[in-house]
Structure formats: C-alpha cells, structure tokens
$ cat upload.pdb   # PDB, C-alpha atoms
ATOM      1  CA  MET A1465     107.402 101.103 146.051
ATOM      2  CA  LYS A1466     108.651  97.523 146.069
ATOM      3  CA  LYS A1467     106.051  96.692 143.438
ATOM      4  CA  ASN A1468     107.377  99.391 141.142
ATOM      5  CA  SER A1469     111.012  98.435 141.524
ATOM      6  CA  LYS A1470     110.226  95.083 139.967
ATOM      7  CA  ASN A1471     109.204  96.835 136.760
ATOM      8  CA  ASN A1472     111.770  97.464 134.101
ATOM      9  CA  SER A1473     110.936 101.161 133.741
ATOM     10  CA  GLY A1474     113.654 103.575 134.769
ATOM     11  CA  MET A1475     117.226 102.719 135.662
ATOM     12  CA  SER A1476     118.782  99.833 137.627
ATOM     13  CA  LEU A1477     118.158  98.865 141.259
ATOM     14  CA  ILE A1478     121.347 100.583 142.467
ATOM     15  CA  VAL A1479     120.287 103.929 141.003
ATOM     16  CA  LYS A1480     116.803 103.587 142.468
ATOM     17  CA  THR A1481     118.114 102.838 145.978
ATOM     18  CA  VAL A1482     120.591 105.709 145.933
ATOM     19  CA  THR A1483     117.845 108.022 144.661
ATOM     20  CA  ARG A1484     115.564 106.973 147.517
ATOM     21  CA  TRP A1485     118.239 107.805 150.081
ATOM     22  CA  THR A1486     119.489 111.102 148.648
ATOM     23  CA  ILE A1487     116.318 112.724 147.402
ATOM     24  CA  LEU A1488     115.326 114.280 150.728
ATOM     25  CA  LEU A1489     118.833 115.668 151.233
ATOM     26  CA  ILE A1490     118.678 117.394 147.848
ATOM     27  CA  ILE A1491     115.276 118.935 148.611
ATOM     28  CA  LEU A1492     116.548 120.032 152.044
ATOM     29  CA  TYR A1493     119.590 121.715 150.469
ATOM     30  CA  GLY A1494     117.349 123.570 148.024
ATOM     31  CA  LEU A1495     115.127 124.798 150.859
ATOM     32  CA  TYR A1496     118.230 125.839 152.858
ATOM     33  CA  ILE A1497     119.566 127.886 149.948
ATOM     34  CA  THR A1498     116.160 129.505 149.543
ATOM     35  CA  PHE A1499     115.526 130.363 153.181
ATOM     36  CA  PHE A1500     119.064 131.601 153.910
ATOM     37  CA  GLY A1501     119.325 133.641 150.723
ATOM     38  CA  HIS A1502     119.595 136.917 152.621
ATOM     39  CA  LEU A1503     122.336 135.587 154.933
ATOM     40  CA  GLY A1504     124.669 133.963 152.424
ATOM     41  CA  PRO A1505     125.119 133.152 148.759
ATOM     42  CA  GLY A1506     122.091 131.709 147.037
ATOM     43  CA  GLY A1507     118.505 132.783 146.735
ATOM     44  CA  GLY A1508     115.156 131.862 145.311
ATOM     45  CA  PHE A1509     116.314 131.139 141.782
ATOM     46  CA  ALA A1510     119.057 128.661 142.708
ATOM     47  CA  GLY A1511     116.935 127.027 145.426
ATOM     48  CA  GLY A1512     113.992 126.531 143.095
ATOM     49  CA  VAL A1513     116.152 124.955 140.413
ATOM     50  CA  ILE A1514     117.735 122.597 143.004
ATOM     51  CA  VAL A1515     114.285 121.478 144.239
ATOM     52  CA  VAL A1516     113.221 120.820 140.670
ATOM     53  CA  LEU A1517     116.424 118.908 139.946
ATOM     54  CA  SER A1518     115.385 116.497 142.699
ATOM     55  CA  PHE A1519     112.037 115.917 140.962
ATOM     56  CA  ILE A1520     113.847 115.397 137.647
ATOM     57  CA  HIS A1521     116.133 112.960 139.494
ATOM     58  CA  ILE A1522     113.063 110.899 140.424
ATOM     59  CA  ILE A1523     111.763 111.072 136.856
ATOM     60  CA  LEU A1524     115.068 109.856 135.402
ATOM     61  CA  ALA A1525     115.544 107.090 137.969
ATOM     62  CA  TYR A1526     112.044 105.647 138.222
ATOM     63  CA  GLY A1527     110.739 106.249 134.700
ATOM     64  CA  LYS A1528     107.877 108.309 133.368
ATOM     65  CA  ASP A1529     104.937 106.230 134.522
ATOM     66  CA  PHE A1530     105.930 106.290 138.191
ATOM     67  CA  VAL A1531     105.920 110.095 138.271
ATOM     68  CA  VAL A1532     103.120 111.031 135.891
ATOM     69  CA  ARG A1533     100.646 109.128 138.080
ATOM     70  CA  ARG A1534     101.606 111.261 141.112
ATOM     71  CA  ILE A1535     102.596 114.724 139.840
ATOM     72  CA  ASN A1536     100.706 116.061 136.866
ATOM     73  CA  GLU A1537     101.362 119.328 135.098
ATOM     74  CA  TYR A1538      98.133 120.757 136.534
ATOM     75  CA  LEU A1539      99.525 120.669 140.109
ATOM     76  CA  ALA A1540     102.855 122.085 138.925
ATOM     77  CA  SER A1541     101.198 124.997 137.122
ATOM     78  CA  ILE A1542      99.013 125.748 140.165
ATOM     79  CA  LEU A1543     102.105 125.940 142.422
ATOM     80  CA  GLU A1544     103.900 128.095 139.841
ATOM     81  CA  THR A1545     101.033 130.568 139.640
ATOM     82  CA  THR A1546     100.903 130.660 143.455
ATOM     83  CA  GLY A1547     104.531 131.807 143.496
ATOM     84  CA  GLY A1548     103.922 134.532 140.929
ATOM     85  CA  LEU A1549     100.849 135.819 142.758
ATOM     86  CA  MET A1550     102.757 135.762 146.075
ATOM     87  CA  PHE A1551     105.476 137.992 144.624
ATOM     88  CA  LEU A1552     102.896 140.367 143.147
ATOM     89  CA  SER A1553     100.940 140.507 146.404
ATOM     90  CA  ILE A1554     104.132 141.387 148.325
ATOM     91  CA  ALA A1555     104.550 144.316 145.932
ATOM     92  CA  ILE A1556     100.924 145.403 146.302
ATOM     93  CA  LEU A1557     101.021 145.119 150.119
ATOM     94  CA  GLY A1558     103.984 147.488 150.018
ATOM     95  CA  PHE A1559     101.928 149.775 147.804
ATOM     96  CA  ALA A1560      99.140 149.741 150.408
ATOM     97  CA  THR A1561     101.537 151.081 153.049
ATOM     98  CA  GLY A1562     103.230 153.657 150.851
ATOM     99  CA  ILE A1563     105.415 152.864 147.857
ATOM    100  CA  PHE A1564     105.402 149.919 145.442
ATOM    101  CA  PHE A1565     107.737 147.249 146.925
ATOM    102  CA  LYS A1566     108.026 149.153 150.205
ATOM    103  CA  ASP A1567     109.645 147.140 152.994
ATOM    104  CA  PHE A1568     106.583 146.755 155.225
ATOM    105  CA  LEU A1569     107.877 143.956 157.474
ATOM    106  CA  GLY A1570     110.652 145.812 159.230
ATOM    107  CA  GLN A1571     114.327 144.967 159.290
ATOM    108  CA  GLY A1572     114.566 142.707 162.340
ATOM    109  CA  LYS A1573     117.764 141.637 164.014
ATOM    110  CA  ILE A1574     120.816 141.371 161.783
ATOM    111  CA  PHE A1575     122.140 137.814 161.135
ATOM    112  CA  SER A1576     118.921 136.173 162.336
ATOM    113  CA  LEU A1577     116.650 134.157 160.045
ATOM    114  CA  PHE A1578     113.721 136.553 160.173
ATOM    115  CA  SER A1579     115.526 139.676 159.099
ATOM    116  CA  GLY A1580     115.758 141.671 155.938
ATOM    117  CA  GLY A1581     112.045 142.492 155.641
ATOM    118  CA  ILE A1582     110.447 141.382 152.388
ATOM    119  CA  ILE A1583     113.502 139.517 151.100
ATOM    120  CA  LEU A1584     112.632 136.189 152.790
ATOM    121  CA  PRO A1585     109.005 135.903 151.505
ATOM    122  CA  ALA A1586     110.099 137.153 148.083
ATOM    123  CA  ASN A1587     112.752 134.423 147.982
ATOM    124  CA  VAL A1588     110.112 131.787 148.796
ATOM    125  CA  ALA A1589     107.812 133.175 146.088
ATOM    126  CA  ILE A1590     110.569 133.099 143.477
ATOM    127  CA  MET A1591     111.496 129.558 144.550
ATOM    128  CA  LEU A1592     107.939 128.355 143.854
ATOM    129  CA  LYS A1593     107.728 130.346 140.639
ATOM    130  CA  VAL A1594     111.028 129.302 139.042
ATOM    131  CA  GLY A1595     111.070 125.744 140.326
ATOM    132  CA  PHE A1596     107.624 124.593 139.381
ATOM    133  CA  GLY A1597     107.723 126.551 136.129
ATOM    134  CA  MET A1598     110.773 124.552 135.048
ATOM    135  CA  LEU A1599     109.094 121.359 136.302
ATOM    136  CA  SER A1600     105.967 121.991 134.223
ATOM    137  CA  ALA A1601     108.088 122.620 131.119
ATOM    138  CA  PHE A1602     109.985 119.352 131.724
ATOM    139  CA  LEU A1603     106.737 117.440 132.338
ATOM    140  CA  CYS A1604     105.393 118.795 129.064
ATOM    141  CA  LEU A1605     108.417 117.398 127.211
ATOM    142  CA  ILE A1606     107.760 113.980 128.793
ATOM    143  CA  LEU A1607     103.994 113.985 128.179
ATOM    144  CA  PHE A1608     104.539 115.035 124.590
ATOM    145  CA  SER A1609     106.736 112.021 123.909
ATOM    146  CA  LEU A1610     104.142 109.801 125.645
ATOM    147  CA  HIS A1611     101.379 110.968 123.315
ATOM    148  CA  LYS A1612     103.643 110.597 120.317
ATOM    149  CA  GLY A1613     104.413 106.989 121.174
ATOM    150  CA  GLU A1614     100.772 105.974 121.280
TER
ATOM    151  CA  MET B  81     145.355 135.083 139.524
ATOM    152  CA  GLU B  82     145.010 136.732 136.113
ATOM    153  CA  GLY B  83     147.124 133.979 134.550
ATOM    154  CA  ILE B  84     144.769 131.273 135.861
ATOM    155  CA  ILE B  85     141.755 133.226 134.615
ATOM    156  CA  THR B  86     143.271 133.645 131.146
ATOM    157  CA  LEU B  87     144.102 129.923 130.989
ATOM    158  CA  LEU B  88     140.528 129.003 131.971
ATOM    159  CA  ILE B  89     139.096 131.364 129.360
ATOM    160  CA  PHE B  90     141.237 129.728 126.649
ATOM    161  CA  LEU B  91     140.087 126.267 127.790
ATOM    162  CA  MET B  92     136.491 127.504 127.587
ATOM    163  CA  ILE B  93     136.982 128.783 124.041
ATOM    164  CA  ILE B  94     138.535 125.459 122.988
ATOM    165  CA  ALA B  95     135.624 123.501 124.492
ATOM    166  CA  ALA B  96     133.099 125.770 122.760
ATOM    167  CA  ILE B  97     134.807 125.287 119.373
ATOM    168  CA  ILE B  98     134.852 121.505 119.918
ATOM    169  CA  SER B  99     131.150 121.479 120.773
ATOM    170  CA  LEU B 100     130.390 123.428 117.599
ATOM    171  CA  GLU B 101     132.489 121.395 115.220
ATOM    172  CA  ILE B 102     132.186 117.788 116.411
ATOM    173  CA  LYS B 103     129.738 115.518 114.576
ATOM    174  CA  ASP B 104     128.590 113.311 117.452
ATOM    175  CA  LEU B 105     125.704 114.954 119.306
ATOM    176  CA  LEU B 106     126.456 113.436 122.717
ATOM    177  CA  SER B 107     130.090 114.601 122.594
ATOM    178  CA  SER B 108     128.876 118.062 121.605
ATOM    179  CA  VAL B 109     126.571 118.237 124.630
ATOM    180  CA  VAL B 110     129.338 116.988 126.935
ATOM    181  CA  SER B 111     131.787 119.654 125.769
ATOM    182  CA  LEU B 112     129.034 122.264 126.197
ATOM    183  CA  GLY B 113     128.853 121.088 129.813
ATOM    184  CA  ALA B 114     132.610 121.595 130.081
ATOM    185  CA  VAL B 115     132.096 125.223 129.004
ATOM    186  CA  GLY B 116     129.552 125.739 131.774
ATOM    187  CA  LEU B 117     131.683 124.113 134.467
ATOM    188  CA  ILE B 118     134.746 126.207 133.548
ATOM    189  CA  LEU B 119     132.512 129.291 133.678
ATOM    190  CA  THR B 120     131.443 128.246 137.207
ATOM    191  CA  LEU B 121     135.122 127.988 138.208
ATOM    192  CA  LEU B 122     135.719 131.468 136.764
ATOM    193  CA  PHE B 123     132.863 132.948 138.806
ATOM    194  CA  LEU B 124     134.267 131.285 141.927
ATOM    195  CA  LEU B 125     137.741 132.686 141.245
ATOM    196  CA  LEU B 126     136.277 136.160 140.717
ATOM    197  CA  GLN B 127     134.539 135.852 144.138
ATOM    198  CA  ALA B 128     130.936 135.739 142.959
ATOM    199  CA  PRO B 129     129.441 132.671 144.708
ATOM    200  CA  ASP B 130     125.839 133.707 143.998
ATOM    201  CA  VAL B 131     126.341 133.678 140.248
ATOM    202  CA  ALA B 132     128.434 130.505 140.510
ATOM    203  CA  ILE B 133     125.628 128.574 142.250
ATOM    204  CA  VAL B 134     123.031 129.704 139.715
ATOM    205  CA  GLN B 135     125.330 128.940 136.764
ATOM    206  CA  PHE B 136     126.165 125.450 138.072
ATOM    207  CA  VAL B 137     122.563 124.489 138.764
ATOM    208  CA  VAL B 138     121.088 125.872 135.543
ATOM    209  CA  GLU B 139     123.906 124.203 133.592
ATOM    210  CA  ILE B 140     122.928 120.799 135.010
ATOM    211  CA  LEU B 141     119.237 121.370 134.262
ATOM    212  CA  SER B 142     119.899 122.500 130.708
ATOM    213  CA  LEU B 143     122.251 119.554 130.112
ATOM    214  CA  VAL B 144     119.545 117.115 131.232
ATOM    215  CA  ILE B 145     116.981 118.765 128.965
ATOM    216  CA  LEU B 146     119.449 118.900 126.046
ATOM    217  CA  ILE B 147     120.343 115.226 126.374
ATOM    218  CA  ARG B 148     116.662 114.318 126.591
ATOM    219  CA  ALA B 149     115.575 116.555 123.756
ATOM    220  CA  THR B 150     118.375 116.226 121.224
ATOM    221  CA  VAL B 151     120.430 113.109 121.799
ATOM    222  CA  VAL B 152     117.511 110.733 122.257
ATOM    223  CA  ARG B 153     115.859 111.995 119.083
ATOM    224  CA  ASP B 154     119.126 111.642 117.143
ATOM    225  CA  GLU B 155     118.234 114.060 114.384
ATOM    226  CA  THR B 156     121.495 115.364 112.984
ATOM    227  CA  ILE B 157     121.337 118.237 110.548
ATOM    228  CA  TYR B 158     124.775 118.844 109.142
ATOM    229  CA  ASN B 159     125.422 120.883 106.049
ATOM    230  CA  LYS B 160     128.944 121.801 105.130
ATOM    231  CA  LYS B 161     129.568 125.202 103.620
ATOM    232  CA  SER B 162     132.413 125.896 101.238
ATOM    233  CA  PHE B 163     135.287 128.191 102.143
ATOM    234  CA  PHE B 164     134.170 131.060  99.874
ATOM    235  CA  LEU B 165     130.769 131.268 101.551
ATOM    236  CA  ARG B 166     132.556 131.729 104.875
ATOM    237  CA  LEU B 167     134.748 134.601 103.636
ATOM    238  CA  PRO B 168     132.300 137.455 104.543
ATOM    239  CA  ILE B 169     131.894 135.973 108.037
ATOM    240  CA  ILE B 170     135.671 135.925 108.526
ATOM    241  CA  PHE B 171     135.878 139.503 107.225
ATOM    242  CA  PHE B 172     133.229 140.791 109.656
ATOM    243  CA  VAL B 173     134.807 138.954 112.580
ATOM    244  CA  PHE B 174     138.135 140.605 111.712
ATOM    245  CA  VAL B 175     136.502 144.089 111.610
ATOM    246  CA  PHE B 176     134.739 143.412 114.927
ATOM    247  CA  LEU B 177     137.946 142.268 116.627
ATOM    248  CA  THR B 178     139.787 145.369 115.357
ATOM    249  CA  ILE B 179     137.154 147.704 116.826
ATOM    250  CA  VAL B 180     137.181 145.767 120.105
ATOM    251  CA  GLY B 181     140.986 146.012 120.242
ATOM    252  CA  PHE B 182     140.814 149.791 119.871
ATOM    253  CA  SER B 183     138.121 150.101 122.537
ATOM    254  CA  PHE B 184     140.063 148.018 125.083
ATOM    255  CA  LYS B 185     142.279 151.022 125.798
ATOM    256  CA  ASP B 186     139.402 152.978 127.345
ATOM    257  CA  LEU B 187     138.290 150.216 129.699
ATOM    258  CA  PRO B 188     139.193 150.507 133.399
ATOM    259  CA  SER B 189     141.901 148.141 134.612
ATOM    260  CA  PHE B 190     141.177 144.757 136.219
ATOM    261  CA  GLY B 191     139.576 144.997 139.658
ATOM    262  CA  LYS B 192     139.081 148.774 139.577
ATOM    263  CA  PRO B 193     135.499 149.523 138.521
ATOM    264  CA  LYS B 194     134.691 152.845 136.936
ATOM    265  CA  TYR B 195     131.276 153.327 138.506
ATOM    266  CA  LYS B 196     131.025 154.356 142.139
ATOM    267  CA  LEU B 197     127.486 152.975 142.648
ATOM    268  CA  ALA B 198     128.786 149.642 143.954
ATOM    269  CA  GLU B 199     130.476 151.344 146.896
ATOM    270  CA  TYR B 200     127.103 152.681 148.024
ATOM    271  CA  TYR B 201     125.599 149.205 148.040
ATOM    272  CA  VAL B 202     128.523 147.664 149.928
ATOM    273  CA  ASN B 203     128.515 150.399 152.572
ATOM    274  CA  ASN B 204     124.790 150.917 153.112
ATOM    275  CA  THR B 205     123.034 147.570 152.487
ATOM    276  CA  ILE B 206     122.842 146.463 156.129
ATOM    277  CA  LYS B 207     121.654 149.877 157.254
ATOM    278  CA  ASP B 208     119.020 150.180 154.519
ATOM    279  CA  THR B 209     117.536 146.687 154.301
ATOM    280  CA  GLY B 210     118.755 144.622 157.275
ATOM    281  CA  ALA B 211     119.974 141.814 154.997
ATOM    282  CA  VAL B 212     123.574 140.631 155.011
ATOM    283  CA  ASP B 213     123.857 139.313 151.452
ATOM    284  CA  VAL B 214     124.289 142.264 149.107
ATOM    285  CA  VAL B 215     123.168 140.452 145.950
ATOM    286  CA  SER B 216     119.840 139.327 147.432
ATOM    287  CA  ALA B 217     119.292 142.808 148.813
ATOM    288  CA  ILE B 218     119.855 144.362 145.396
ATOM    289  CA  ILE B 219     117.664 142.016 143.366
ATOM    290  CA  LEU B 220     114.817 141.797 145.889
ATOM    291  CA  ASN B 221     114.829 145.178 147.593
ATOM    292  CA  TYR B 222     116.616 147.880 145.626
ATOM    293  CA  ARG B 223     115.726 146.490 142.200
ATOM    294  CA  ALA B 224     112.605 144.472 143.030
ATOM    295  CA  TYR B 225     110.631 146.023 140.185
ATOM    296  CA  ASP B 226     113.169 144.529 137.781
ATOM    297  CA  THR B 227     112.657 141.097 139.360
ATOM    298  CA  LEU B 228     108.898 141.462 138.884
ATOM    299  CA  GLY B 229     109.489 141.943 135.165
ATOM    300  CA  GLU B 230     111.725 138.877 135.147
ATOM    301  CA  VAL B 231     108.980 136.823 136.818
ATOM    302  CA  VAL B 232     106.499 137.951 134.149
ATOM    303  CA  VAL B 233     108.964 137.035 131.374
ATOM    304  CA  LEU B 234     109.492 133.559 132.845
ATOM    305  CA  PHE B 235     105.726 133.058 133.217
ATOM    306  CA  THR B 236     105.169 133.998 129.571
ATOM    307  CA  ALA B 237     107.973 131.707 128.370
ATOM    308  CA  ILE B 238     106.631 128.696 130.255
ATOM    309  CA  LEU B 239     103.066 129.457 129.146
ATOM    310  CA  GLY B 240     104.279 129.407 125.541
ATOM    311  CA  ALA B 241     106.202 126.161 126.074
ATOM    312  CA  VAL B 242     103.182 124.467 127.649
ATOM    313  CA  LEU B 243     100.853 125.655 124.888
ATOM    314  CA  ILE B 244     103.156 124.579 122.054
ATOM    315  CA  LEU B 245     104.198 121.217 123.503
ATOM    316  CA  ARG B 246     100.665 120.174 124.429
ATOM    317  CA  LYS B 247      99.504 117.670 121.862
ATOM    318  CA  ILE B 248      95.854 117.314 122.825
ATOM    319  CA  GLY B 249      93.853 120.513 122.558
ATOM    320  CA  LYS B 250      91.003 121.465 124.845
ATOM    321  CA  SER B 251      88.409 120.968 122.092
ATOM    322  CA  ASN B 252      89.595 117.417 121.349
ATOM    323  CA  GLU B 253      89.248 116.368 124.968
ATOM    324  CA  LYS B 254      85.487 116.868 124.997
ATOM    325  CA  GLU B 255      84.808 114.682 121.983
TER
END

$ encode --input "upload.pdb" --output "structure tokens"
Amino acid sequence: MKKNSKNNSGMSLIVKTVTRWTILLIILYGLYITFFGHLGPGGGFAGGVIVVLSFIHIILAYGKDFVVRRINEYLASILETTGGLMFLSIAILGFATGIFFKDFLGQGKIFSLFSGGIILPANVAIMLKVGFGMLSAFLCLILFSLHKGE
Amino acid sequence: MEGIITLLIFLMIIAAIISLEIKDLLSSVVSLGAVGLILTLLFLLLQAPDVAIVQFVVEILSLVILIRATVVRDETIYNKKSFFLRLPIIFFVFVFLTIVGFSFKDLPSFGKPKYKLAEYYVNNTIKDTGAVDVVSAIILNYRAYDTLGEVVVLFTAILGAVLILRKIGKSNEKE
C-alpha cells in the first residue's frame, strides 16, 4: 500500500489516509443497517448502497488502477447474481412448505436479532443484489473510459 | 410544522429551477444535490426515516455518478428556444394547474389518511410477522412478490447497462 501511495493516481495523501481509516466503519454501518432492518429504520436497499459507496470511496481516493486490479466486474456480477438467486430461493422454499413467500422460519422472539422469519435473509439477499449491481454499473463506466483512452 | 414544510418545498422548487436554468454543469449538479437534501429533510420531518435514509444514500450515489459522467466530459448542449415556441407549454401547464386546483378540494386533510389499510398494518404487524419495523415487514413479507419484481427490474437494468457500456465484445476477445 505504501508503494501505491507514492504514485500520483488518485487524490492527495490526506484523502488516502482518511479513506484508509474510515472505510471499515462505513462498511460496518452498511452491514448494521442491513442486519437490523427489521428492528429499526433501514433495510437491504439502503445497506447495499452504503456498502457500495465505500467501494466507490476507494475508487475515487486511490484511482482506477488500484481498484481494477483487485475487484473486476466479473466478481461483482457473480455476487449480484448470488443475491438475486438467494431472494428467489427464499420464495421457492416458502412455496415448498405451502404458499409462495410463506414465512417458513418462524417468528422468533420479538426485539431479538433472529426474529421476523424470512425478513433477515431477504434483507441480506437484497443487500448483495442492489449493492453489487450498482458497483458493476459504476465499474463499467470506469472501464469504458479506460478503453476509450487507449 | 406545516409552515416549515411549505418553506422547504418552496426552497426545493427554487433549487430545481436553478439547476435547470444555469449554464455551468457543475453548479447545476450541485443545486440538484440541494433538491435531494431538502427532500431528505422533508421525509425526516414527516417521520419517515426509512425513506429518508434511502433518499440520502441514493442521492449521494447519483451525484457521484453524475459528476463523473457529465461534468468530466464537459459536453454542454444548450439551445435557446424563443418565447413563442414556449407558449403552448405555458398554456398546458396553466390548464394542468387549474385541474389540480379543482381536485385539491376532494383530497383528505393533512395527516388524516382516507384509506384504513394502514391501521391494519400498524396494529397487526408484530402479531403477523414478528418484526418490529413496519416498513420492512410490508416490503419483505406482506408485499414480497412486489419486491421480487423490483429485483428482476434492477437485474434487467444493470444487464442492459453492462451490455451497452462494454466496449470489447466477446467475439473480439478471441481474435
């Protein structure tokens, strides 16, 4: 990482240091909003967009080349499709026990983390779906400008 | 409370007009961000924190993409229309506002919804689903089929974006 900070790509040293310190907090806040979506305001959509904003934060601070070497759009699209298939499989598992989208997990204890039945796994699925979908669209914008510059 | 909301709505309209009419692209994007932030404040004042979080976050993401996509390119297309070409638009806006003004009389008053379905959700969500947050319970349990359609729409949109923005086709890679 010290090798890359000597390069001129991306923003200044101050921005890079602050990014390095805050990036985990942003990801943690996104995961919190996702996992506690059935206990407070928030949910999968907002959590996924917050997680992706942290990735975009890295892209803006460290430049394109730093990120494109580590995260390609292939990995992002695989994670996105995983989220979509997770949501569909929750629906089909409910169909196996009775009705489409039937609550097959049980309600659990109110105000605890594992309550609310299918809402928690559906939130996680939507977080993967929305977040990495937006990330793959953003990566496509970046890769397009890379190919145009060559 | 209603006075603050009316003031914020007028500020939002002013910011939207500025972002339409100003010539500098970066200033236009910044005033568009002001519209989104005032809308977030409005959702918070109307006690809808779920919608406020989503609006705030999506506003930031779209501002980043807009600045990257439009301002960096710096392609300004600006054609000025004469006043007579705008006359039919002004006429139709006037007709629309008249009809809206007549229909405002039939709307229910502020804070008193006409439909009684919301009372069912507020009273029975914990008993039916076991979740505390009513909004999450509605979009992922009561109306989960709707969310499945939304997921499919998002998948199709991103598939289209990836296919259009990809410069190198699959057939060129093999050569």

$ interface_residues --input "upload.pdb" --of "chain B" --to "chain A" --cutoff "6 Å" --atoms "only C-alpha atoms" --output "short mmCIF file (atom, residue, chain, number, x, y, z; two decimals) with C-alpha atoms, keeping the file's coordinate frame"
data_model
loop_
_atom_site.label_atom_id
_atom_site.label_comp_id
_atom_site.auth_asym_id
_atom_site.auth_seq_id
_atom_site.Cartn_x
_atom_site.Cartn_y
_atom_site.Cartn_z
CA PRO B 129 129.44 132.67 144.71
CA ASP B 130 125.84 133.71 144.00
CA VAL B 134 123.03 129.70 139.72
CA THR B 209 117.54 146.69 154.30
CA GLY B 210 118.76 144.62 157.28
CA ALA B 211 119.97 141.81 155.00
CA VAL B 212 123.57 140.63 155.01
CA ASP B 213 123.86 139.31 151.45
CA SER B 216 119.84 139.33 147.43
CA LEU B 220 114.82 141.80 145.89
#

$ residues_around --input "upload.pdb" --residues "Leu122 of chain B" --least-positions-apart "6" --cutoff "9 Å" --atoms "all atoms listed in the file" --output "list in words"
Ile85, Leu88, Ile89, Ala128 and Ala132 of chain B

$ atom_distance --input "upload.pdb" --atom1 "atom CA of Ile1487 of chain A" --atom2 "atom CA of Ile1542 of chain A"
22.8 Å

$ atom_distance --input "upload.pdb" --atom1 "atom CA of Val144 of chain B" --atom2 "atom CA of Leu124 of chain B"
23.1 Å

$ closest_residue --input "upload.pdb" --among "A:Leu1557, A:Ile1478, A:Pro1585, A:Leu1543" --to "Phe1499 of chain A" --atoms "all atoms listed in the file"
A:Pro1585

$ residues_around --input "upload.pdb" --residues "segment 1530-1534 of chain A" --least-positions-apart "4" --cutoff "9 Å" --atoms "all atoms listed in the file" --output "mmCIF file with C-alpha atoms, keeping the file's coordinate frame"
data_model
loop_
_atom_site.group_PDB
_atom_site.id
_atom_site.type_symbol
_atom_site.label_atom_id
_atom_site.label_comp_id
_atom_site.auth_asym_id
_atom_site.auth_seq_id
_atom_site.Cartn_x
_atom_site.Cartn_y
_atom_site.Cartn_z
ATOM 1 C CA ASN A 1468 107.377 99.391 141.142
ATOM 2 C CA SER A 1473 110.936 101.161 133.741
ATOM 3 C CA GLY A 1474 113.654 103.575 134.769
ATOM 4 C CA PHE A 1519 112.037 115.917 140.962
ATOM 5 C CA ILE A 1522 113.063 110.899 140.424
ATOM 6 C CA ILE A 1523 111.763 111.072 136.856
ATOM 7 C CA TYR A 1526 112.044 105.647 138.222
ATOM 8 C CA LEU A 1603 106.737 117.440 132.338
ATOM 9 C CA ILE A 1606 107.760 113.980 128.793
ATOM 10 C CA LEU A 1607 103.994 113.985 128.179
#

$ resolve_selection --input "upload.pdb" --expression "the PyMOL selection byres ((chain B and resi 82) around 12)" --output "list in words"
Met81, Gly83, Ile84, Ile85, Thr86, Leu87, Leu88, Ile89, Leu122, Leu125, Leu126, Ser189, Phe190 and Gly191 of chain B

$ atom_distance --input "upload.pdb" --atom1 "atom CA of Phe172 of chain B" --atom2 "atom CA of Val109 of chain B"
27.9 Å

$ residues_around --input "upload.pdb" --residues "segment 196-202 of chain B" --least-positions-apart "4" --cutoff "12 Å" --atoms "only C-alpha atoms" --output "list of chain:residue names"
B:Lys192, B:Ile206, B:Lys207, B:Asp208, B:Thr209, B:Ala211, B:Val212, B:Asp213, B:Val214, B:Val215, B:Ser216, B:Ala217, B:Ile218, B:Ile219, B:Asn221, B:Tyr222, B:Arg223

$ closest_residue --input "upload.pdb" --among "B:Ile133, B:Val232, B:Ile170, B:Leu245" --to "Thr1498 of chain A" --atoms "all atoms listed in the file"
B:Ile133

$ residues_around --input "upload.pdb" --residues "Gly116 of chain B" --least-positions-apart "2" --cutoff "9 Å" --atoms "all atoms listed in the file" --output "list of chain:residue names"
B:Met92, B:Ser111, B:Leu112, B:Gly113, B:Ala114, B:Ile118, B:Leu119, B:Thr120, B:Leu121, B:Gln135, B:Phe136, B:Glu139, B:Ile140

$ closest_residue --input "upload.pdb" --among "A:Leu1489, A:Val1515, A:Met1591, A:Val1482" --to "Met1550 of chain A" --atoms "only C-alpha atoms"
A:Met1591

$ axis_aligned_box --input "upload.pdb" --around "segment 213-221 of chain B" --padding-each-side "8 Å" --output "AutoDock Vina command-line options"
--center_x 119.6 --center_y 142.2 --center_z 147.4 --size_x 25.5 --size_y 21.9 --size_z 24.1

$ decode --input "upload.pdb" --residues "segment 1527-1539 of chain A" --atoms "N, CA and C atoms" --output "PDB file, in the first residue's frame"
ATOM      1  N   GLY A1527      -7.730   6.009  -7.143  1.00  0.00           N
ATOM      2  CA  GLY A1527      -7.575   5.941  -8.591  1.00  0.00           C
ATOM      3  C   GLY A1527      -8.076   4.638  -9.159  1.00  0.00           C
ATOM      4  N   LYS A1528      -8.189   4.613 -10.481  1.00  0.00           N
ATOM      5  CA  LYS A1528      -8.782   3.438 -11.139  1.00  0.00           C
ATOM      6  C   LYS A1528      -7.893   2.211 -11.031  1.00  0.00           C
ATOM      7  N   ASP A1529      -6.595   2.399 -11.271  1.00  0.00           N
ATOM      8  CA  ASP A1529      -5.722   1.239 -11.446  1.00  0.00           C
ATOM      9  C   ASP A1529      -5.592   0.416 -10.181  1.00  0.00           C
ATOM     10  N   PHE A1530      -5.660   1.116  -9.019  1.00  0.00           N
ATOM     11  CA  PHE A1530      -5.550   0.419  -7.738  1.00  0.00           C
ATOM     12  C   PHE A1530      -6.697  -0.565  -7.559  1.00  0.00           C
ATOM     13  N   VAL A1531      -7.916  -0.163  -8.014  1.00  0.00           N
ATOM     14  CA  VAL A1531      -9.094  -0.970  -7.742  1.00  0.00           C
ATOM     15  C   VAL A1531      -9.319  -2.014  -8.812  1.00  0.00           C
ATOM     16  N   VAL A1532      -9.101  -1.641 -10.073  1.00  0.00           N
ATOM     17  CA  VAL A1532      -9.425  -2.560 -11.169  1.00  0.00           C
ATOM     18  C   VAL A1532      -8.572  -3.814 -11.087  1.00  0.00           C
ATOM     19  N   ARG A1533      -7.347  -3.705 -10.512  1.00  0.00           N
ATOM     20  CA  ARG A1533      -6.525  -4.895 -10.347  1.00  0.00           C
ATOM     21  C   ARG A1533      -7.121  -5.853  -9.315  1.00  0.00           C
ATOM     22  N   ARG A1534      -7.899  -5.328  -8.335  1.00  0.00           N
ATOM     23  CA  ARG A1534      -8.376  -6.194  -7.256  1.00  0.00           C
ATOM     24  C   ARG A1534      -9.837  -6.636  -7.443  1.00  0.00           C
ATOM     25  N   ILE A1535     -10.708  -5.694  -7.788  1.00  0.00           N
ATOM     26  CA  ILE A1535     -12.123  -6.040  -7.987  1.00  0.00           C
ATOM     27  C   ILE A1535     -12.424  -5.866  -9.465  1.00  0.00           C
ATOM     28  N   ASN A1536     -12.765  -6.948 -10.148  1.00  0.00           N
ATOM     29  CA  ASN A1536     -13.210  -6.760 -11.523  1.00  0.00           C
ATOM     30  C   ASN A1536     -14.723  -6.909 -11.586  1.00  0.00           C
ATOM     31  N   GLU A1537     -15.285  -6.578 -12.741  1.00  0.00           N
ATOM     32  CA  GLU A1537     -16.739  -6.593 -12.843  1.00  0.00           C
ATOM     33  C   GLU A1537     -17.279  -8.020 -12.863  1.00  0.00           C
ATOM     34  N   TYR A1538     -16.391  -8.999 -13.112  1.00  0.00           N
ATOM     35  CA  TYR A1538     -16.826 -10.395 -13.101  1.00  0.00           C
ATOM     36  C   TYR A1538     -17.211 -10.812 -11.680  1.00  0.00           C
ATOM     37  N   LEU A1539     -16.363 -10.468 -10.696  1.00  0.00           N
ATOM     38  CA  LEU A1539     -16.657 -10.792  -9.287  1.00  0.00           C
ATOM     39  C   LEU A1539     -17.916 -10.076  -8.824  1.00  0.00           C
TER      40      LEU A1539
END
